[in-house]
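Heads up, work-v5.txt below (compact mmCIF, C-alpha atoms and all ligand atoms):
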# COMPACT_ATOMS: atom_id res chain seq x y z
CA MET A 6 0.00 0.00 0.00
CA ASP A 7 1.35 3.46 -0.89
CA MET A 8 1.49 5.46 2.32
CA GLY A 9 2.84 8.60 0.68
CA LEU A 10 6.23 8.07 2.30
CA THR A 11 8.30 7.55 -0.84
CA GLY A 12 11.32 9.84 -0.76
CA ARG A 13 10.24 11.47 2.51
CA ARG A 14 13.01 12.23 5.01
CA LEU A 15 12.68 11.19 8.62
CA LEU A 16 15.05 12.16 11.38
CA LEU A 17 14.67 9.67 14.22
CA VAL A 18 15.77 10.66 17.69
CA ILE A 19 16.23 7.53 19.78
CA GLY A 20 16.11 8.05 23.54
CA GLY A 21 17.23 5.72 26.30
CA GLY A 22 14.44 3.25 26.97
CA ILE A 23 13.87 -0.45 26.53
CA ALA A 24 11.36 0.40 23.77
CA ALA A 25 14.32 1.53 21.60
CA TYR A 26 14.42 -1.97 20.11
CA LYS A 27 11.02 -1.29 18.52
CA THR A 28 12.52 1.70 16.72
CA LEU A 29 14.70 -0.70 14.73
CA GLU A 30 11.51 -2.31 13.42
CA LEU A 31 10.07 1.15 12.71
CA ILE A 32 13.12 1.97 10.58
CA ARG A 33 12.58 -1.23 8.57
CA LEU A 34 8.92 -0.32 8.01
CA LEU A 35 9.87 3.22 6.96
CA HIS A 36 12.37 1.94 4.42
CA ARG A 37 9.88 -0.56 3.08
CA ALA A 38 7.48 2.37 2.59
CA GLY A 39 10.15 4.20 0.58
CA ALA A 40 11.30 6.73 3.21
CA GLU A 41 14.84 7.83 3.96
CA THR A 42 16.05 7.91 7.56
CA ARG A 43 18.84 9.41 9.63
CA VAL A 44 19.29 8.76 13.33
CA VAL A 45 20.32 10.79 16.36
CA LEU A 46 21.10 8.41 19.21
CA THR A 47 21.32 9.73 22.75
CA GLU A 48 24.01 8.50 25.11
CA ALA A 49 21.32 6.60 27.06
CA GLY A 50 19.81 5.29 23.81
CA SER A 51 23.14 3.74 22.88
CA ARG A 52 22.82 1.52 25.97
CA PHE A 53 19.77 -0.11 24.39
CA VAL A 54 20.52 -0.22 20.65
CA THR A 55 23.97 -0.14 19.13
CA PRO A 56 25.29 2.39 16.61
CA LEU A 57 26.31 -0.59 14.49
CA SER A 58 22.75 -1.95 14.21
CA LEU A 59 21.53 1.51 13.24
CA ALA A 60 24.29 2.06 10.69
CA ALA A 61 23.50 -1.31 9.12
CA LEU A 62 19.77 -0.58 8.99
CA THR A 63 19.86 3.03 7.77
CA GLY A 64 23.03 2.98 5.69
CA HIS A 65 24.40 5.93 7.68
CA PRO A 66 26.20 5.98 11.00
CA PRO A 67 23.90 7.40 13.68
CA ARG A 68 24.76 10.81 15.09
CA THR A 69 25.73 10.51 18.72
CA GLY A 70 27.20 13.80 19.93
CA LEU A 71 27.44 17.52 19.37
CA PHE A 72 31.21 17.56 19.33
CA GLN A 73 32.09 14.82 16.84
CA PRO A 74 34.21 16.45 14.09
CA ASP A 75 33.72 13.60 11.60
CA GLU A 76 29.94 13.60 12.10
CA GLU A 77 29.72 17.39 11.94
CA THR A 78 31.69 17.65 8.70
CA ALA A 79 29.45 15.08 7.00
CA MET A 80 26.33 17.15 7.86
CA GLY A 81 26.20 19.85 10.52
CA HIS A 82 23.62 19.25 13.24
CA ILE A 83 21.61 22.34 12.28
CA GLU A 84 21.54 21.22 8.66
CA LEU A 85 20.49 17.72 9.78
CA SER A 86 17.60 19.13 11.80
CA ARG A 87 16.39 20.98 8.69
CA TRP A 88 17.08 18.10 6.28
CA ALA A 89 14.16 16.18 7.71
CA ASP A 90 10.51 16.49 6.62
CA LEU A 91 9.53 15.33 10.11
CA VAL A 92 11.47 14.67 13.32
CA VAL A 93 10.33 11.54 15.18
CA VAL A 94 11.33 10.97 18.81
CA ALA A 95 10.96 7.26 19.62
CA PRO A 96 11.21 6.35 22.39
CA ALA A 97 10.49 9.78 23.85
CA THR A 98 11.65 9.38 27.44
CA ALA A 99 10.54 11.56 30.35
CA GLY A 100 13.97 13.22 30.17
CA LEU A 101 13.76 14.06 26.46
CA ILE A 102 10.19 15.33 26.86
CA ALA A 103 11.27 17.56 29.74
CA LYS A 104 14.24 18.97 27.84
CA ALA A 105 12.13 19.66 24.75
CA ALA A 106 9.40 21.33 26.85
CA GLN A 107 11.94 23.64 28.48
CA GLY A 108 14.12 24.24 25.42
CA LEU A 109 17.11 22.82 27.24
CA ALA A 110 19.86 22.05 24.73
CA ASP A 111 22.63 20.10 26.40
CA ASP A 112 23.22 17.29 23.93
CA LEU A 113 22.70 16.57 20.24
CA ALA A 114 19.15 15.20 20.60
CA SER A 115 17.80 18.11 22.65
CA THR A 116 19.65 20.66 20.50
CA THR A 117 18.18 19.13 17.34
CA LEU A 118 14.68 19.42 18.79
CA ILE A 119 14.95 23.19 19.14
CA ALA A 120 17.09 23.76 16.05
CA THR A 121 14.57 22.15 13.72
CA ASP A 122 12.02 24.13 11.73
CA LYS A 123 9.93 20.99 11.21
CA ARG A 124 7.14 19.36 13.12
CA VAL A 125 8.14 16.88 15.83
CA LEU A 126 6.24 13.62 16.50
CA MET A 127 6.89 12.04 19.88
CA ALA A 128 6.19 8.42 20.84
CA PRO A 129 6.48 8.43 24.63
CA ALA A 130 7.72 5.36 26.50
CA MET A 131 8.14 5.18 30.25
CA ASN A 132 6.90 3.58 33.43
CA VAL A 133 3.20 4.19 34.14
CA ARG A 134 3.90 6.20 37.33
CA MET A 135 6.34 8.37 35.43
CA TRP A 136 3.87 8.97 32.59
CA LEU A 137 1.11 9.89 35.04
CA HIS A 138 3.39 12.17 37.08
CA PRO A 139 2.13 15.77 37.01
CA ALA A 140 5.56 17.00 35.90
CA VAL A 141 5.50 14.77 32.80
CA GLN A 142 1.85 15.58 32.07
CA ALA A 143 2.59 19.30 32.36
CA ASN A 144 5.53 18.98 29.96
CA VAL A 145 3.38 17.06 27.47
CA ALA A 146 0.63 19.69 27.67
CA ARG A 147 3.21 22.45 27.20
CA LEU A 148 4.68 20.77 24.12
CA ALA A 149 1.25 20.05 22.64
CA ALA A 150 0.42 23.76 22.95
CA PHE A 151 3.54 24.94 21.07
CA PRO A 152 2.63 26.99 18.00
CA GLY A 153 3.36 25.66 14.48
CA PRO A 154 5.14 23.65 13.24
CA GLY A 155 4.36 22.20 16.68
CA VAL A 156 4.73 18.92 18.50
CA ALA A 157 2.40 15.92 18.12
CA PHE A 158 2.16 12.77 20.20
CA VAL A 159 1.37 9.17 19.32
CA GLY A 160 0.54 7.05 22.34
CA PRO A 161 1.56 5.86 24.81
CA ASP A 162 -0.39 2.60 24.87
CA GLU A 163 -1.75 0.87 27.89
CA GLY A 164 -0.47 -2.62 28.67
CA ASP A 165 2.12 -4.82 30.35
CA MET A 166 5.42 -3.05 30.73
CA ALA A 167 8.97 -4.33 30.74
CA CYS A 168 9.20 -3.21 34.39
CA GLY A 169 6.37 -5.63 35.31
CA GLU A 170 3.73 -2.93 35.93
CA PHE A 171 0.59 -2.29 33.92
CA GLY A 172 -0.92 0.91 32.59
CA PRO A 173 -0.32 3.73 30.11
CA GLY A 174 3.35 4.24 29.25
CA ARG A 175 4.19 1.59 26.65
CA MET A 176 5.49 2.94 23.38
CA VAL A 177 2.95 2.27 20.62
CA GLU A 178 3.85 -0.51 18.21
CA PRO A 179 5.89 0.37 15.09
CA PRO A 180 2.96 0.03 12.60
CA ALA A 181 1.01 2.61 14.64
CA ILE A 182 3.97 5.00 14.67
CA LEU A 183 4.31 4.47 10.92
CA ALA A 184 0.63 5.36 10.43
CA ALA A 185 1.05 8.47 12.60
CA ILE A 186 4.11 9.52 10.56
CA ALA A 187 2.16 9.06 7.31
CA ALA A 188 -0.72 11.11 8.71
CA GLU A 189 1.65 13.88 9.84
CA LEU A 190 3.35 14.05 6.46
CA ALA A 191 0.05 14.05 4.60
CA GLY A 192 -0.62 17.45 6.21
CA PRO A 193 -3.67 19.06 7.77
CA ALA A 194 -5.92 18.46 4.75
CA ALA A 195 -5.59 14.72 5.37
CA ARG A 196 -6.49 15.19 9.06
CA PRO A 197 -9.79 17.05 8.91
CA LEU A 198 -10.78 15.60 12.30
CA ALA A 199 -7.59 16.67 14.11
CA GLY A 200 -8.42 17.95 17.57
CA ARG A 201 -11.81 16.15 17.63
CA ARG A 202 -12.52 13.45 20.17
CA ALA A 203 -14.49 10.45 18.94
CA LEU A 204 -16.18 7.63 20.83
CA VAL A 205 -16.88 4.38 18.98
CA THR A 206 -18.56 1.29 20.39
CA ALA A 207 -18.06 -2.08 18.71
CA GLY A 208 -18.60 -5.81 19.05
CA PRO A 209 -21.12 -7.75 21.10
CA THR A 210 -21.68 -7.60 24.83
CA PHE A 211 -21.44 -10.69 27.01
CA GLU A 212 -23.95 -11.00 29.82
CA PRO A 213 -22.96 -13.67 32.34
CA ILE A 214 -25.45 -16.26 33.60
CA ASP A 215 -22.93 -17.93 35.89
CA PRO A 216 -19.09 -18.05 35.95
CA VAL A 217 -18.96 -20.20 32.81
CA ARG A 218 -22.03 -19.28 30.73
CA GLY A 219 -23.46 -16.14 29.24
CA LEU A 220 -25.69 -14.48 26.66
CA THR A 221 -24.01 -12.91 23.66
CA ASN A 222 -24.44 -12.50 19.89
CA ARG A 223 -22.54 -12.97 16.65
CA SER A 224 -21.22 -9.42 16.16
CA SER A 225 -17.60 -9.61 14.95
CA GLY A 226 -16.81 -5.96 15.67
CA LYS A 227 -15.29 -5.57 12.19
CA GLN A 228 -17.44 -2.63 11.09
CA GLY A 229 -16.92 -0.70 14.33
CA TYR A 230 -13.18 -1.34 14.33
CA ALA A 231 -12.97 -0.17 10.71
CA ILE A 232 -14.83 3.03 11.64
CA ALA A 233 -12.51 3.66 14.60
CA ALA A 234 -9.51 3.21 12.27
CA ALA A 235 -10.99 5.51 9.60
CA LEU A 236 -11.70 8.27 12.14
CA ALA A 237 -8.19 7.97 13.63
CA ALA A 238 -6.66 8.08 10.14
CA ARG A 239 -8.45 11.41 9.63
CA GLY A 240 -6.86 12.81 12.78
CA ALA A 241 -9.52 12.17 15.43
CA GLU A 242 -8.54 11.08 18.92
CA VAL A 243 -10.53 7.86 19.13
CA THR A 244 -11.66 5.85 22.15
CA LEU A 245 -12.97 2.46 21.05
CA VAL A 246 -15.16 0.79 23.66
CA SER A 247 -15.14 -2.83 22.62
CA GLY A 248 -16.96 -5.96 23.68
CA PRO A 249 -15.16 -9.31 23.37
CA VAL A 250 -13.87 -9.71 19.78
CA ALA A 251 -10.80 -11.24 18.17
CA LEU A 252 -9.43 -8.10 16.51
CA ASP A 253 -6.31 -5.98 17.03
CA ALA A 254 -6.85 -2.37 18.08
CA PRO A 255 -6.36 -0.13 15.03
CA PRO A 256 -3.19 2.02 15.09
CA GLY A 257 -3.46 5.12 17.19
CA VAL A 258 -6.80 4.14 18.75
CA THR A 259 -7.29 3.83 22.52
CA ARG A 260 -9.24 0.64 23.16
CA VAL A 261 -11.22 0.01 26.34
CA TRP A 262 -12.30 -3.62 26.81
CA VAL A 263 -15.72 -4.29 28.31
CA GLU A 264 -17.94 -7.34 28.69
CA THR A 265 -21.42 -6.33 29.75
CA ALA A 266 -23.78 -3.59 28.56
CA ARG A 267 -23.49 -1.84 31.90
CA GLU A 268 -19.68 -1.86 31.65
CA MET A 269 -20.00 -0.49 28.11
CA GLN A 270 -22.26 2.28 29.35
CA ALA A 271 -19.80 3.22 32.13
CA ALA A 272 -16.84 3.18 29.69
CA CYS A 273 -18.75 5.41 27.25
CA ASP A 274 -19.55 7.81 30.06
CA ALA A 275 -15.87 7.89 31.08
CA ALA A 276 -14.87 8.65 27.46
CA LEU A 277 -16.84 11.93 27.51
CA PRO A 278 -16.51 14.71 26.61
CA ALA A 279 -16.40 13.75 22.94
CA ASP A 280 -17.25 15.69 19.79
CA LEU A 281 -18.79 12.71 18.09
CA ALA A 282 -19.95 9.18 18.83
CA VAL A 283 -20.54 6.26 16.47
CA MET A 284 -22.36 3.44 18.19
CA THR A 285 -21.95 0.20 16.26
CA ALA A 286 -21.95 -2.25 19.18
CA ALA A 287 -24.53 -5.02 19.18
CA VAL A 288 -25.54 -4.50 22.78
CA ALA A 289 -27.52 -7.36 24.33
CA ASP A 290 -31.07 -6.16 24.96
CA TRP A 291 -31.42 -8.24 28.12
CA ARG A 292 -29.21 -9.70 30.82
CA PRO A 293 -29.93 -12.43 33.34
CA ASP A 294 -31.63 -10.92 36.34
CA GLN A 295 -29.33 -12.82 38.70
CA VAL A 296 -25.78 -13.97 38.05
CA ALA A 297 -25.14 -17.26 39.87
CA THR A 298 -21.90 -17.19 41.85
CA GLY A 299 -21.20 -20.88 41.13
CA LYS A 300 -21.77 -22.93 37.98
CA ILE A 301 -25.46 -23.84 37.72
CA LYS A 302 -25.72 -27.65 37.90
CA LYS A 303 -27.87 -29.82 35.66
CA ALA A 304 -30.77 -30.84 37.89
CA PRO A 305 -33.30 -33.68 37.47
CA GLY A 306 -36.16 -31.16 37.54
CA GLY A 307 -35.16 -29.82 34.09
CA PRO A 308 -33.46 -26.61 32.98
CA PRO A 309 -33.51 -23.57 35.26
CA ALA A 310 -35.80 -20.68 34.38
CA LEU A 311 -33.78 -17.77 33.11
CA ALA A 312 -35.29 -14.51 34.31
CA LEU A 313 -34.12 -11.58 32.20
CA THR A 314 -33.99 -7.88 32.83
CA GLU A 315 -33.59 -5.04 30.35
CA ASN A 316 -30.17 -3.54 29.65
CA PRO A 317 -29.68 0.23 29.44
CA ASP A 318 -29.93 1.70 25.94
CA ILE A 319 -26.48 3.29 25.68
CA LEU A 320 -27.20 5.17 22.44
CA ALA A 321 -30.46 6.63 23.73
CA GLY A 322 -28.77 7.59 27.01
CA LEU A 323 -25.88 9.32 25.22
CA SER A 324 -28.27 11.17 22.89
CA ALA A 325 -30.05 12.56 25.95
CA ALA A 326 -26.89 13.39 27.89
CA GLY A 327 -27.60 17.12 28.06
CA PRO A 328 -24.47 19.28 28.05
CA ARG A 329 -22.28 16.16 27.93
CA ARG A 330 -23.92 15.00 24.69
CA PRO A 331 -21.48 14.75 21.75
CA ALA A 332 -22.34 17.26 19.00
CA LEU A 333 -22.86 14.41 16.52
CA VAL A 334 -24.29 11.06 17.61
CA VAL A 335 -24.51 8.31 14.99
CA GLY A 336 -26.42 5.08 15.60
CA PHE A 337 -26.66 1.87 13.62
CA ALA A 338 -29.85 0.07 12.73
CA ALA A 339 -29.49 -3.53 11.68
CA GLU A 340 -32.68 -4.47 9.85
CA THR A 341 -33.82 -7.38 7.78
CA ASP A 342 -36.94 -5.79 6.28
CA ASP A 343 -38.53 -2.40 5.70
CA LEU A 344 -35.00 -1.02 6.14
CA ILE A 345 -35.48 2.73 5.77
CA ALA A 346 -38.82 3.06 7.56
CA ASN A 347 -37.57 1.04 10.53
CA ALA A 348 -34.29 2.95 10.65
CA ARG A 349 -36.11 6.30 10.57
CA ARG A 350 -38.29 5.19 13.49
CA LYS A 351 -35.15 4.15 15.37
CA LEU A 352 -33.50 7.50 14.66
CA SER A 353 -36.31 9.41 16.34
CA ARG A 354 -36.80 6.89 19.15
CA LYS A 355 -33.12 6.96 20.11
CA GLY A 356 -32.67 10.72 19.69
CA CYS A 357 -29.46 10.41 17.67
CA ASP A 358 -28.56 12.73 14.77
CA TRP A 359 -27.76 10.22 12.03
CA ILE A 360 -28.44 6.55 11.65
CA VAL A 361 -26.73 4.02 9.41
CA ALA A 362 -29.42 1.65 8.17
CA ASN A 363 -27.68 -1.64 7.77
CA ASP A 364 -29.30 -4.28 5.58
CA VAL A 365 -28.48 -7.52 7.38
CA SER A 366 -30.78 -9.73 5.32
CA ALA A 367 -27.69 -10.81 3.31
CA ASP A 368 -24.41 -12.16 4.64
CA VAL A 369 -23.14 -9.44 7.03
CA PHE A 370 -22.26 -10.86 10.43
CA GLY A 371 -18.55 -11.66 10.51
CA ALA A 372 -18.27 -10.97 6.76
CA ASP A 373 -15.93 -8.39 5.26
CA GLY A 374 -18.62 -6.72 3.12
CA ASN A 375 -21.57 -4.54 4.03
CA ALA A 376 -24.24 -2.33 2.41
CA ALA A 377 -25.94 0.58 4.14
CA THR A 378 -27.96 3.77 3.82
CA LEU A 379 -26.97 6.81 5.85
CA ILE A 380 -29.98 8.77 7.09
CA THR A 381 -29.21 12.33 8.19
CA GLY A 382 -31.34 15.40 8.81
CA ASP A 383 -30.65 16.37 5.18
CA GLY A 384 -31.72 13.15 3.53
CA GLU A 385 -30.39 9.77 2.58
CA GLU A 386 -27.18 8.51 1.05
CA SER A 387 -26.97 4.93 -0.18
CA TRP A 388 -23.77 2.96 -0.04
CA PRO A 389 -23.88 -0.22 -2.15
CA ARG A 390 -22.29 -3.41 -0.90
CA GLN A 391 -18.57 -2.82 -0.40
CA SER A 392 -15.87 -3.75 2.07
CA LYS A 393 -16.42 -2.74 5.69
CA THR A 394 -13.20 -0.68 5.39
CA ALA A 395 -14.58 1.23 2.37
CA LEU A 396 -17.90 1.79 4.12
CA ALA A 397 -16.05 3.07 7.19
CA ALA A 398 -14.05 5.48 4.99
CA ALA A 399 -17.30 6.79 3.42
CA LEU A 400 -18.84 7.39 6.84
CA ALA A 401 -15.65 9.00 8.25
CA ASP A 402 -15.42 11.30 5.21
CA ARG A 403 -19.08 12.27 5.67
CA ILE A 404 -18.45 12.98 9.38
CA ALA A 405 -15.35 15.05 8.50
CA ARG A 406 -17.41 17.10 6.00
CA HIS A 407 -20.00 17.69 8.71
CA PHE A 408 -17.37 19.12 11.06
CA THR A 409 -15.40 21.12 8.48
CA GLY A 410 -18.54 22.40 6.78
CA THR A 411 -17.28 21.33 3.33
CA PRO A 412 -20.03 20.49 0.86
CA ALA A 413 -20.18 16.97 -0.64
O1 LIG Y 1 -32.42 -1.01 19.26
P1 LIG Y 1 -31.29 -1.52 18.41
O2 LIG Y 1 -30.40 -2.48 19.14
O3 LIG Y 1 -31.68 -2.04 17.07
O4 LIG Y 1 -30.44 -0.19 18.12
C1 LIG Y 1 -29.24 -0.22 17.46
C2 LIG Y 1 -28.40 0.96 17.84
O5 LIG Y 1 -28.49 1.27 19.22
C3 LIG Y 1 -26.93 0.71 17.60
O6 LIG Y 1 -26.30 1.95 17.29
C4 LIG Y 1 -26.47 0.15 18.94
O7 LIG Y 1 -25.08 0.30 19.14
C5 LIG Y 1 -27.29 0.99 19.90
N1 LIG Y 1 -27.64 0.33 21.17
C6 LIG Y 1 -27.10 0.76 22.36
N2 LIG Y 1 -27.49 0.20 23.54
C7 LIG Y 1 -28.42 -0.79 23.56
C8 LIG Y 1 -28.97 -1.25 22.36
C9 LIG Y 1 -28.57 -0.68 21.17
O8 LIG Y 1 -26.25 1.66 22.33
N3 LIG Y 1 -28.77 -1.33 24.71
Give the structure from the file, written as structure tokens.
Ligand code: C5P
Amino acid sequence: MDMGLTGRRLLLVIGGGIAAYKTLELIRLLHRAGAETRVVLTEAGSRFVTPLSLAALTGHPPRTGLFQPDEETAMGHIELSRWADLVVVAPATAGLIAKAAQGLADDLASTTLIATDKRVLMAPAMNVRMWLHPAVQANVARLAAFPGPGVAFVGPDEGDMACGEFGPGRMVEPPAILAAIAAELAGPAARPLAGRRALVTAGPTFEPIDPVRGLTNRSSGKQGYAIAAALAARGAEVTLVSGPVALDAPPGVTRVWVETAREMQAACDAALPADLAVMTAAVADWRPDQVATGKIKKAPGGPPALALTENPDILAGLSAAGPRRPALVVGFAAETDDLIANARRKLSRKGCDWIVANDVSADVFGADGNAATLITGDGEESWPRQSKTALAAALADRIARHFTGTPA
């Protein structure tokens, strides 16, 4: 796939963190996409990846210091900082972030960051406590507020860390950094949703009956995940609240795992404020009234009666959330017959702004293709059967036009 990286010049600043090994993979991906790379390696970074590995991968010895005559004669550090189309700091350690935020220039990496006239993309990597520390958060906020060309961030991710703790702080995986680089280089026109927060729900919910059984449905989550990816690719900051599915989180998207409808509702609430919400999850309408604490045994008297109780309608609740309501709320209506009329009824019953009427009479669940009609206040737009990715792109483009005010 052409990512628009052919011939583009990336200056990678590699800080001292265990995640530095992932930057080697990032360099490989960049080269495969046709980009050219040069590396500035901090003293601490050189404890994690060797200059030799970097020289072999990039075809140029990495720059390691301000006062290296041979390095400086090849290309002065100011020239190097301007050579790049984009400067990428990966891993961006707490130390590098702090120096950049304060304009402290005491080594080649930090000097480069204030000598450059190009945008800087940082991929933070540190222990969760460090990332959450108010000093680090203040530095990140300060950098994010710098005027153009400015500083952008990708990640960090949440997950297991090399130090054995869990939480936000992991450097995002190389494919996600690659996607963020491509988005940065594509420029603002390719990121019409930059600065907008989006909430997407996807997948089924799982409503436990006892510790081993539950009620669920066949939703694969593919359409919702594709929408989350399409919104993120257009610059939105996306929180994907996902029921149990077997899919990887799209690059640059923050995923929150949930099981039950009530957990999904709480996660959606926690994701507010948001500018827009796209609710694709197939939420179970009912849940067992009681969840047995032990496995329900087969008894001679026949199967147990399963008393059900209604789940909250997350979409309807969000649409009626008063001042916390996202400016644009999009629902999905899976219908087998009388598609448009039923979807229109659902639109007004749920109080959302748009509804995607999804014809599920054909093969949709778990499939890669889908057909739909978008119903908005202005009318209808029909999307013939196409891949779920293409349908997601059409919806994300329509949402972007709504926010930017560009006509179709
Ligand atoms: O009522 P129905 O399930 O057909 O409505 C579909 C739409 O409502 C979808 O956008 C779905 O994500 C949302 N929904 C919800 N919470 C529910 C049921 C449906 O958010 N409990």
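Counting only C-alpha atoms, the residue from A:Ala321, A:Ala97, A:Leu352, A:Ala184 that sits nearest to Gly9 (chain A) is A:Ala184.
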(message) Taking all atoms listed in the file into account, name the residue in A:Asp358, A:Glu212, A:Met269, A:Ala279 that is nearest to Trp291 (chain A).
(response) A:Glu212
(request) Please work out which residues fall within 6 Å of (12.8, 3.8, -1.4), coordinates as given in the file, with all atoms listed in the file counting, and return them as a PyMOL selection string. (result) chain A and resi 11+39-40
Residues of chain A that have any atom at most 8 Å from an atom of ligand LIG 1 (chain Y): could you tabulate them with the shortest-distance atom pair and the distance in Å to one decimal, using all atoms listed in the file, ordered by chain and increasing number, as a Markdown table?
| residue | atom | partner | partner_atom | distance |
| --- | --- | --- | --- | --- |
| A:Thr206 | CA | Y:LIG1 | O7 | 6.7 |
| A:Ala207 | CA | Y:LIG1 | O7 | 7.4 |
| A:Ala266 | CA | Y:LIG1 | N3 | 6.7 |
| A:Val283 | CA | Y:LIG1 | O6 | 7.2 |
| A:Met284 | CA | Y:LIG1 | O7 | 4.3 |
| A:Thr285 | CA | Y:LIG1 | O7 | 4.3 |
| A:Ala286 | CA | Y:LIG1 | O7 | 4.0 |
| A:Ala287 | CA | Y:LIG1 | O7 | 5.3 |
| A:Val288 | CA | Y:LIG1 | C8 | 4.7 |
| A:Ala289 | CA | Y:LIG1 | N3 | 6.2 |
| A:Asp290 | CA | Y:LIG1 | N3 | 5.4 |
| A:Asn316 | CA | Y:LIG1 | N3 | 5.6 |
| A:Pro317 | CA | Y:LIG1 | N3 | 5.1 |
| A:Asp318 | CA | Y:LIG1 | N3 | 3.5 |
| A:Ile319 | CA | Y:LIG1 | O8 | 3.7 |
| A:Leu320 | CA | Y:LIG1 | O8 | 3.6 |
| A:Ala321 | CA | Y:LIG1 | O8 | 6.7 |
| A:Gly322 | CA | Y:LIG1 | O8 | 8.0 |
| A:Val335 | CA | Y:LIG1 | O6 | 7.0 |
| A:Gly336 | CA | Y:LIG1 | O6 | 3.6 |
| A:Phe337 | CA | Y:LIG1 | O6 | 3.7 |
| A:Ala338 | CA | Y:LIG1 | C1 | 4.8 |
| A:Ala339 | CA | Y:LIG1 | O3 | 6.0 |
| A:Glu340 | CA | Y:LIG1 | O3 | 7.7 |
| A:Lys351 | CA | Y:LIG1 | O4 | 7.0 |
| A:Lys355 | CA | Y:LIG1 | O5 | 7.4 |
| A:Ile360 | CA | Y:LIG1 | O6 | 7.6 |
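Using all atoms listed in the file, the shortest contact distance between Leu281 (chain A) and any of A:Gly172, A:Pro331, A:Gly257, A:Gly21 is found at A:Pro331.
A straight line drawn from CA of Ala106 (chain A) to CA of Phe151 (chain A) is 9.0 Å long.
The spacing separating CA of Lys123 (chain A) from CA of Thr259 (chain A) amounts to 26.8 Å.
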